[in-house]
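**Student:** Sharing a structure with you now.
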Amino acid sequence: MSTGTGPLQGLRVLELAGEWCAFAGKLLGELGADVVLVEPRAGSPLRRHEPFAGDEPGVERSLWWWHYQSSKRGVALDLDDAGDAEQWRRLFGAVDVVVEGEAPGQLAALGLDHPTVRAGRPELIWVSITPFGRDNPRADEPATDLTLLAGGGPVWSCGYDDHTIAPVRGGGNQALHIAGLHAVAATLVAVLHQRAGGPGQHIDVSMHAAANVTTEAATYHWLVARETVQRQTGRHASHRPTQSLGAFDRDGRPVNTGFPPTQPAGFQAVLDWLQEAGLLEDFPDAVFLRLGIERGGVHLADIASDVEAQAIFGAARDALLLLASRLTGYEFFVGGQRRGLAVGVINAPEEVMEDPHFQATGFPTPVVYEDRGAPVLHAGSGLGFERTPWRISRRAPHLGEHDEEVLGRPFPGG
Amino acid sequence: MGALSGTRVCDFTGQLAGAGATRLLAAFGAQVIRVEDPVREGRWDILRGMEPFADERRSVDLGGAFNNHNVEKLGVTINLRTERGRELLEELVRISDVVAENFAAGVLAKMGFPYERLCELRPDVIYVSNCGFGQRGPYREFKTWGPIVQACCGLTFTSGLPDLPPAGWGYSYMDHQGGNFMAIAILAALIHRQATGEGQWVDMSCTAAGASLLGPAVLDYTVNGRPARREGMPNSNRSQSPAMAPHGIYPALGDDEWVAIACRNDGDWAAAGAVFGEPWAGEPRFADLAGRLRHEDELDAHLAAWTHPRDKFTTAEALRSAGVPASAVQRPEERVEHDPGTSDWGLWPEVEHTAIGRVRVDGLPVHLSETDWQMARGAPCLGEHNDYVFGELLGMPRDEIASLREEGVL
């Protein structure tokens, strides 16, 4: 049974608008926290991030802003103005959590940093999300999503078999998300502790450290065995090369064939699928699939030494390649999955929004913008809280939109 | 005493997408009890017994990835095919705050433990399931692993260079992020329970979680009608949101050496130009962002020619000293062994594993001033904590544990 409010209802958060902390603030807001976003009176520079609605730049038109600042209220304060700084002090006197990603020294110079304010607010939780953490020899280095993912490990593992082609930064500003999720998890740990009678605390988040522990095998192969993984086209980077499947659908688009089956049920599923698709006669190696069923499957460990196991495994792989080449990527995905084969379709973000499963489960999330005829569909969430639903509570704030509501009368109950 | 030391988790997670969630809780002091199948030696988690290995020995207890993902957890074995085994699990659920799993949808229910049953055993239980497409909707039966999640959610497509197939991520990025989302789900549900006394089920979909990480591209489609699948895209070494140029990964001196450079604005470009010290850096057509974007291919060719004969670390340092974001593309050895950004952070703690010995693992990228994380104990060997959990926690006499072990229940 749903109560209609998020699990963090009642948690009061103050966020200083910044690129590094925007995602963390958004997630706290979507989980029910009351998040107030503070930006300069002239507007945050983030309002100039592309793309723009209708491709027209404007302080209220950045789609980056629309996405990352939804579920927050917004006020405009110039912290280097004495009166505004006083407002800021009043605000954080009424909140549970402060989230910021300011450049080193910026808040200290204004006397508004955590070491300065903590004495008067020992219960406050203060979260800093910065490229190298507040307490690190590299803290002053400039960084972006690209340089963080390049220095932090993910880029090394991503790209193509041909190493004369540059390695690749995964898309979507993921350095913000990696650090943001760790920041939110740590914040919730601190909230649980504080509400159980413990003190508040400072949470120092390093985006560089976050990227470094988000590389799967690249790090632990080095830590455990001093092995170095190498990037490969469309598959996991590995310390020893793995075979390229190079699977394409009938339109020449790559598809994900998953890992070919090794068990009798999987071989039978592939045979049935070939039969239904009318391809059995085009595939003489079907005999090996039948052999695989008779043998009771193959063990991966045997493939190197057992010629028959090799042929069986190879036939399963080739059958999937053939099926993919005769179907659309989507038909291949659904056809395989309905037969219990873990295969995938390579969707672009817009194809996710149009996909029947994502639509049936309510992933496209309507958000009301008063000046637009219809609600705008935002990306939804994977977090299906049964009682306390995730939700986008409001569109991103206009500049100074909640000045009167928030500054005149700080948080309800605050 | 960690911040979560009063919290107990009955843990069915595996791989990284699930195990990563409970690992984080364990690092903050939660008592996480992994429940594994003695018949299959816990191999539902395919990483048990898989490489990398620290030495020549091989067994289900020696997998390096499994150790990395399961530090600070306890491990028990229960054969859930037996009635006595199911009774033991019932007792464990009664004393657990959280039940966590990342089986395919419906598997735990088929084992006899649907959410309703968990609630009968523990009315305020928090049950968090994490599967590829969630437990409802047309694809609920579909099976996934990291690369399929990433393919279906848009993350594979959006990572690559023009005129080439998608590069994807080169690893299971969404196993990491799925684990992080799952940890947040558990923690947020604990906060709600702390406030109200209510438990709940959180039905997590890992592909939806992945798709939620591409928000601006989604809005470019729903607001502007501009699909990401279009000519010249993806081109993820460049920056479309926000727009920057130059912004790329350029060749450096040596074999497969690269340096990343990003000019956020005209000021960065002017500062970088002073470092390059070449006539092209002062050309008017590159002076503002619009011009640099218009001539981005030529701009990148100039940068590549400049960076190619130079050491990646030297180039990056020179640019950073001028205030311009730049970084070597670091190899694992470089960022683990020679980078104060990780070593001064204490990012690679050494744990003591009962069978492997001392081995380094991934730490956490956060430090909490009052209740920081700790990783000292390695992952559990199969059934390593049966005596403690069944004896100390559930009060079972030692001889009964021994006979259950002989009967194949444990």
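Every chain in the structure tokens takes a letter, A first, then B, and so on in the order presented; its residues are numbered from 1, and the ligands are numbered from 1 following the presented order.
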Stretch 153-318 of chain B: which residues are alpha helix (DSSP H) by DSSP, as a VMD selection string?
**Tutor:** chain B and resid 153 173 to 196 206 to 211 215 to 224 266 to 276 289 to 294 296 to 307 312 to 318
**Student:** Keeping only C-alpha atoms, write those residues as a short mmCIF file (atom, residue, chain, number, x, y, z; two decimals), in the first residue's frame.
**Tutor:**
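The result, written out as selection-v3.cif:
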```
data_model
loop_
_atom_site.label_atom_id
_atom_site.label_comp_id
_atom_site.auth_asym_id
_atom_site.auth_seq_id
_atom_site.Cartn_x
_atom_site.Cartn_y
_atom_site.Cartn_z
CA CYS B 153 18.80 0.79 -21.23
CA TYR B 173 29.05 -0.57 -15.25
CA MET B 174 25.46 -1.24 -14.25
CA ASP B 175 26.54 -3.97 -11.85
CA HIS B 176 28.31 -1.22 -9.92
CA GLN B 177 25.52 1.30 -10.29
CA GLY B 178 22.81 -1.33 -9.79
CA GLY B 179 24.48 -2.25 -6.51
CA ASN B 180 24.67 1.40 -5.49
CA PHE B 181 21.00 2.01 -6.30
CA MET B 182 20.11 -1.15 -4.39
CA ALA B 183 22.06 0.03 -1.34
CA ILE B 184 20.19 3.35 -1.50
CA ALA B 185 16.88 1.47 -1.73
CA ILE B 186 17.72 -0.51 1.41
CA LEU B 187 18.95 2.54 3.34
CA ALA B 188 15.99 4.71 2.36
CA ALA B 189 13.60 1.92 3.37
CA LEU B 190 15.43 1.66 6.72
CA ILE B 191 14.94 5.41 7.25
CA HIS B 192 11.23 5.07 6.53
CA ARG B 193 11.01 2.15 8.95
CA GLN B 194 12.91 4.09 11.59
CA ALA B 195 10.32 6.87 11.30
CA THR B 196 7.15 4.77 11.01
CA CYS B 206 18.28 -2.60 -13.13
CA THR B 207 17.56 -1.58 -16.74
CA ALA B 208 15.25 1.20 -15.56
CA ALA B 209 17.95 2.31 -13.13
CA GLY B 210 20.38 2.44 -16.05
CA ALA B 211 17.95 4.37 -18.25
CA GLY B 215 18.20 12.14 -18.49
CA PRO B 216 19.28 15.05 -20.71
CA ALA B 217 19.33 12.78 -23.82
CA VAL B 218 15.81 11.64 -22.94
CA LEU B 219 14.60 15.26 -22.67
CA ASP B 220 16.31 16.18 -25.95
CA TYR B 221 14.02 13.55 -27.47
CA THR B 222 10.79 14.22 -25.58
CA VAL B 223 11.08 18.02 -25.75
CA ASN B 224 12.97 18.61 -28.99
CA ASP B 266 36.90 30.47 -23.75
CA GLY B 267 39.11 31.15 -20.74
CA ASP B 268 40.24 27.52 -20.63
CA TRP B 269 40.90 27.67 -24.36
CA ALA B 270 43.06 30.80 -24.03
CA ALA B 271 45.04 29.17 -21.20
CA ALA B 272 45.47 25.94 -23.17
CA GLY B 273 46.58 27.94 -26.20
CA ALA B 274 49.39 29.46 -24.15
CA VAL B 275 50.55 25.95 -23.23
CA PHE B 276 50.40 24.74 -26.84
CA LEU B 289 32.96 28.12 -28.58
CA ALA B 290 30.74 28.42 -31.65
CA GLY B 291 33.82 28.65 -33.87
CA ARG B 292 35.56 25.78 -32.15
CA LEU B 293 32.47 23.59 -32.48
CA ARG B 294 32.15 24.53 -36.16
CA GLU B 296 36.04 20.78 -34.26
CA ASP B 297 37.58 18.18 -36.58
CA GLU B 298 40.45 20.52 -37.53
CA LEU B 299 40.85 21.62 -33.94
CA ASP B 300 41.14 18.00 -32.79
CA ALA B 301 43.68 17.27 -35.55
CA HIS B 302 45.88 20.14 -34.31
CA LEU B 303 45.66 18.94 -30.71
CA ALA B 304 46.40 15.34 -31.65
CA ALA B 305 49.48 16.36 -33.63
CA TRP B 306 50.69 18.36 -30.61
CA THR B 307 50.01 15.70 -27.96
CA LYS B 312 50.69 11.96 -21.34
CA PHE B 313 51.48 12.91 -17.75
CA THR B 314 53.63 15.88 -18.78
CA THR B 315 50.92 17.22 -21.09
CA ALA B 316 48.19 16.80 -18.51
CA GLU B 317 50.26 18.44 -15.79
CA ALA B 318 51.15 21.42 -18.00
#
```
**Student:** Please provide the set of residues having any atom within 8 Å of stretch 386-400 of chain A, restricted to only C-alpha atoms, with same-chain residues fewer than 3 positions apart removed, written as an MDAnalysis selection string.
**Tutor:** (chainID A and resid 1:7 29:32 41 43 59:60 65:76 365 367:369 381 383 403) or (chainID B and resid 200:203)
**Student:** Out of stretch 81-296 of chain A, which residues get strand (DSSP E or B) from DSSP, as a list in words?
**Tutor:**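 These are the residues in question: Val97, Val98, Val99, Glu100, Ile125, Trp126, Val127, Ser128, Ile129, Thr130, His202, Ile203, Asp204, Val205, Ser206, Gln230, Arg231, Gln232, Arg235, His236, Ala237, Ser238, Phe248, Pro254 and Asn256 of chain A.
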**Student:** List the neighbours of B:Val409 out to 7 Å using only C-alpha atoms; skip same-chain residues closer than 4 positions along the sequence, and give me the result as a PyMOL selection string.
**Tutor:** chain B and resi 78-79+82+84-85+404-405
**Student:** Can I get the selection written as a tab-separated table (two decimals), in the first residue's frame, with C-alpha atoms?
**Tutor:**
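Result saved to again15.tsv:
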```tsv
chain	number	residue	atom	x	y	z
B	78	ILE	CA	21.55	-23.77	3.91
B	79	ASN	CA	20.11	-26.46	1.64
B	82	THR	CA	15.19	-29.72	2.68
B	84	ARG	CA	14.83	-28.37	7.94
B	85	GLY	CA	16.80	-26.01	5.72
B	404	LEU	CA	22.76	-31.06	10.13
B	405	ARG	CA	26.05	-30.74	8.33
```
**Student:** Out of B:Phe103, B:Phe286, B:Trp373, B:Tyr388, which residue has the shortest atom-to-atom distance to chain A when counting only C-alpha atoms?
**Tutor:**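 Using only C-alpha atoms, the shortest distance to chain A belongs to B:Trp373.
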**Student:** So which one's closest to A:Arg118, A:Trp64, A:His202, A:Glu50, A:Ala175? Using only C-alpha atoms, please.
**Tutor:**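 Residue with the minimum atom-to-atom distance to A:Arg118: A:His202.
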**Student:** Find, counting only C-alpha atoms, the residue in A:Leu79, A:Ile129, A:Ala311, A:Ala265 that gets nearest to A:Ala108.
**Tutor:**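 The shortest atom-to-atom distance to A:Ala108 comes from A:Leu79.
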**Student:** Pick out the closest residue to chain B from this set: A:His236, A:Arg48, A:His402, A:Arg134. Count only C-alpha atoms.
**Tutor:**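 The shortest atom-to-atom distance to chain B comes from A:His236.
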**Student:** With only C-alpha atoms as the basis for distance, which of A:Pro40, A:Val406, A:Ala348, A:Ala360 is at the shortest distance from B:Arg230?
**Tutor:**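 Selected residue with least distance to B:Arg230: A:Ala348.
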**Student:** Hey, which of B:Phe12, B:Phe66, B:Tyr115, B:Phe142 ends up closest to chain A? Count only C-alpha atoms.
**Tutor:** B:Phe142
**Student:** Need to verify the contact set: stretch 23-32 of chain B, 8 Å, only C-alpha atoms, exclusion of same-chain residues closer than 5 positions in sequence. Can you return it as a VMD selection string?
**Tutor:** (chain A and resid 189) or (chain B and resid 1 to 11 69 to 74 183 371 to 375)
**Student:** I need the residues from that last selection saved to file as a PDB file, in the first residue's frame (with C-alpha atoms), if you can.
**Tutor:**
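What ended up in selection-v4.pdb:
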```pdb
ATOM      1  CA  VAL A 189      23.948   6.075   6.493  1.00  0.00           C
TER       2      VAL A 189
ATOM      3  CA  MET B   1      30.852  -0.021  16.063  1.00  0.00           C
ATOM      4  CA  GLY B   2      29.712   1.194  12.660  1.00  0.00           C
ATOM      5  CA  ALA B   3      26.750   3.422  11.892  1.00  0.00           C
ATOM      6  CA  LEU B   4      24.743   0.370  10.812  1.00  0.00           C
ATOM      7  CA  SER B   5      25.909  -2.022  13.510  1.00  0.00           C
ATOM      8  CA  GLY B   6      22.349  -2.604  14.686  1.00  0.00           C
ATOM      9  CA  THR B   7      21.182  -3.770  11.273  1.00  0.00           C
ATOM     10  CA  ARG B   8      21.133  -7.393  10.138  1.00  0.00           C
ATOM     11  CA  VAL B   9      20.782  -8.418   6.490  1.00  0.00           C
ATOM     12  CA  CYS B  10      19.775 -11.857   5.236  1.00  0.00           C
ATOM     13  CA  ASP B  11      21.686 -11.773   1.983  1.00  0.00           C
ATOM     14  CA  HIS B  69      32.519  -7.948  -3.602  1.00  0.00           C
ATOM     15  CA  ASN B  70      31.866  -9.685  -0.295  1.00  0.00           C
ATOM     16  CA  VAL B  71      34.263  -8.195   2.207  1.00  0.00           C
ATOM     17  CA  GLU B  72      33.031  -7.845   5.797  1.00  0.00           C
ATOM     18  CA  LYS B  73      30.165 -10.312   5.285  1.00  0.00           C
ATOM     19  CA  LEU B  74      29.434 -13.535   7.123  1.00  0.00           C
ATOM     20  CA  ALA B 183      22.063   0.031  -1.343  1.00  0.00           C
ATOM     21  CA  THR B 371      31.373   6.829  11.390  1.00  0.00           C
ATOM     22  CA  ASP B 372      33.655   6.008   8.495  1.00  0.00           C
ATOM     23  CA  TRP B 373      33.612   2.672   6.664  1.00  0.00           C
ATOM     24  CA  GLN B 374      35.943  -0.151   7.490  1.00  0.00           C
ATOM     25  CA  MET B 375      37.119  -3.158   5.517  1.00  0.00           C
TER      26      MET B 375
END
```
**Student:** Could you list, as an NGL selection string, every residue within 10 Å of stretch 241-258 of chain A, counting only C-alpha atoms and ignoring same-chain residues fewer than 3 positions away?
**Tutor:** (:A and (161 or 229-238 or 261 or 317-318 or 320-333 or 336 or 341-347)) or (:B and (144-148 or 151-152 or 157 or 165-166))
**Student:** Save out the residues we just selected, N, CA and C atoms, as a compact mmCIF listing (two decimals), in the first residue's frame.
**Tutor:**
```txt
# COMPACT_ATOMS: atom_id res chain seq x y z
N ASP A 161 38.71 -2.97 -30.39
CA ASP A 161 39.83 -3.91 -30.52
C ASP A 161 41.06 -3.23 -31.12
N VAL A 229 43.94 -5.43 -17.81
CA VAL A 229 42.92 -5.71 -18.83
C VAL A 229 43.13 -4.80 -20.03
N GLN A 230 42.68 -5.25 -21.20
CA GLN A 230 42.77 -4.48 -22.44
C GLN A 230 41.38 -4.33 -23.02
N ARG A 231 41.11 -3.15 -23.58
CA ARG A 231 39.76 -2.89 -24.11
C ARG A 231 39.51 -3.69 -25.38
N GLN A 232 38.20 -4.02 -25.60
CA GLN A 232 37.77 -4.81 -26.75
C GLN A 232 36.43 -4.26 -27.25
N THR A 233 36.21 -4.34 -28.54
CA THR A 233 34.97 -3.79 -29.12
C THR A 233 33.72 -4.43 -28.52
N GLY A 234 32.89 -3.63 -27.89
CA GLY A 234 31.57 -4.09 -27.47
C GLY A 234 31.55 -5.22 -26.47
N ARG A 235 32.67 -5.51 -25.83
CA ARG A 235 32.63 -6.56 -24.80
C ARG A 235 33.59 -6.19 -23.68
N HIS A 236 33.62 -7.02 -22.66
CA HIS A 236 34.41 -6.67 -21.48
C HIS A 236 35.90 -6.58 -21.80
N ALA A 237 36.54 -5.57 -21.26
CA ALA A 237 37.99 -5.52 -21.29
C ALA A 237 38.50 -6.74 -20.53
N SER A 238 39.60 -7.30 -21.01
CA SER A 238 40.05 -8.56 -20.42
C SER A 238 41.56 -8.65 -20.43
N PRO A 261 24.33 -20.54 -25.21
CA PRO A 261 23.94 -21.56 -24.23
C PRO A 261 24.96 -22.71 -24.15
N ARG A 317 26.61 -20.60 -30.93
CA ARG A 317 26.96 -19.21 -31.20
C ARG A 317 26.58 -18.83 -32.63
N ASP A 318 26.91 -19.71 -33.59
CA ASP A 318 26.63 -19.41 -34.99
C ASP A 318 25.13 -19.36 -35.26
N LEU A 320 22.87 -18.31 -33.19
CA LEU A 320 22.39 -17.01 -32.72
C LEU A 320 22.75 -15.92 -33.72
N LEU A 321 23.95 -16.01 -34.29
CA LEU A 321 24.36 -15.02 -35.29
C LEU A 321 23.43 -15.06 -36.51
N LEU A 322 23.09 -16.28 -36.94
CA LEU A 322 22.20 -16.43 -38.09
C LEU A 322 20.81 -15.86 -37.79
N LEU A 323 20.28 -16.23 -36.62
CA LEU A 323 18.96 -15.73 -36.25
C LEU A 323 18.96 -14.20 -36.19
N ALA A 324 19.99 -13.63 -35.57
CA ALA A 324 20.07 -12.17 -35.46
C ALA A 324 20.06 -11.53 -36.85
N SER A 325 20.77 -12.15 -37.79
CA SER A 325 20.93 -11.53 -39.12
C SER A 325 19.64 -11.56 -39.93
N ARG A 326 18.67 -12.38 -39.50
CA ARG A 326 17.40 -12.47 -40.24
C ARG A 326 16.26 -11.72 -39.56
N LEU A 327 16.52 -11.13 -38.41
CA LEU A 327 15.46 -10.49 -37.64
C LEU A 327 15.83 -9.04 -37.35
N THR A 328 14.83 -8.25 -36.93
CA THR A 328 15.20 -6.93 -36.40
C THR A 328 15.82 -7.15 -35.01
N GLY A 329 16.55 -6.18 -34.54
CA GLY A 329 17.18 -6.30 -33.23
C GLY A 329 16.13 -6.56 -32.15
N TYR A 330 15.00 -5.87 -32.25
CA TYR A 330 13.96 -6.04 -31.25
C TYR A 330 13.35 -7.44 -31.30
N GLU A 331 13.11 -7.94 -32.55
CA GLU A 331 12.56 -9.30 -32.68
C GLU A 331 13.53 -10.33 -32.10
N PHE A 332 14.80 -10.11 -32.34
CA PHE A 332 15.83 -11.03 -31.83
C PHE A 332 15.82 -11.04 -30.30
N PHE A 333 15.75 -9.84 -29.72
CA PHE A 333 15.75 -9.69 -28.26
C PHE A 333 14.54 -10.41 -27.64
N GLY A 336 14.48 -14.29 -28.40
CA GLY A 336 15.44 -15.04 -27.58
C GLY A 336 15.00 -15.09 -26.13
N LEU A 341 16.62 -17.33 -23.46
CA LEU A 341 18.00 -17.00 -23.81
C LEU A 341 18.28 -15.54 -23.45
N ALA A 342 19.32 -15.33 -22.69
CA ALA A 342 19.63 -13.97 -22.24
C ALA A 342 20.35 -13.20 -23.34
N VAL A 343 19.55 -12.57 -24.23
CA VAL A 343 20.11 -11.75 -25.31
C VAL A 343 19.54 -10.34 -25.17
N GLY A 344 20.16 -9.39 -25.86
CA GLY A 344 19.72 -8.01 -25.67
C GLY A 344 19.62 -7.24 -26.97
N VAL A 345 18.90 -6.12 -26.91
CA VAL A 345 18.80 -5.20 -28.04
C VAL A 345 19.53 -3.92 -27.62
N ILE A 346 20.23 -3.30 -28.56
CA ILE A 346 20.96 -2.08 -28.22
C ILE A 346 20.05 -0.89 -28.49
N ASN A 347 19.43 -0.40 -27.44
CA ASN A 347 18.49 0.72 -27.54
C ASN A 347 19.19 2.06 -27.43
N THR B 144 18.95 -11.19 -17.52
CA THR B 144 19.98 -10.23 -17.93
C THR B 144 21.27 -10.48 -17.17
N TRP B 145 22.33 -9.92 -17.68
CA TRP B 145 23.55 -9.69 -16.92
C TRP B 145 24.03 -8.31 -17.34
N GLY B 146 25.08 -7.82 -16.76
CA GLY B 146 25.47 -6.42 -16.95
C GLY B 146 25.39 -5.93 -18.38
N PRO B 147 26.06 -6.58 -19.34
CA PRO B 147 26.06 -6.06 -20.71
C PRO B 147 24.68 -5.99 -21.34
N ILE B 148 23.78 -6.91 -20.96
CA ILE B 148 22.43 -6.86 -21.54
C ILE B 148 21.63 -5.72 -20.93
N ALA B 151 22.88 -2.70 -22.69
CA ALA B 151 22.40 -2.62 -24.07
C ALA B 151 20.95 -2.14 -24.10
N CYS B 152 20.11 -2.71 -23.24
CA CYS B 152 18.68 -2.42 -23.29
C CYS B 152 18.33 -1.03 -22.75
N PHE B 157 24.55 2.13 -26.23
CA PHE B 157 24.41 2.91 -27.46
C PHE B 157 25.12 4.26 -27.35
N PRO B 165 30.67 0.74 -34.45
CA PRO B 165 29.60 0.22 -33.59
C PRO B 165 29.75 0.80 -32.18
N PRO B 166 28.69 0.72 -31.36
CA PRO B 166 28.83 1.21 -29.99
C PRO B 166 29.98 0.48 -29.28
```
**Student:** One number please: atom CA of A:Thr262 to atom CA of A:Phe283, in Å, one decimal.
**Tutor:**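 Going from atom CA of A:Thr262 over to atom CA of A:Phe283, I get 18.3 Å.
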**Student:** Have a look at atom CA of B:Ala245 and atom CA of A:Ala218 and let me know their distance in Å, one decimal.
**Tutor:**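 Going from atom CA of B:Ala245 over to atom CA of A:Ala218, I get 29.4 Å.
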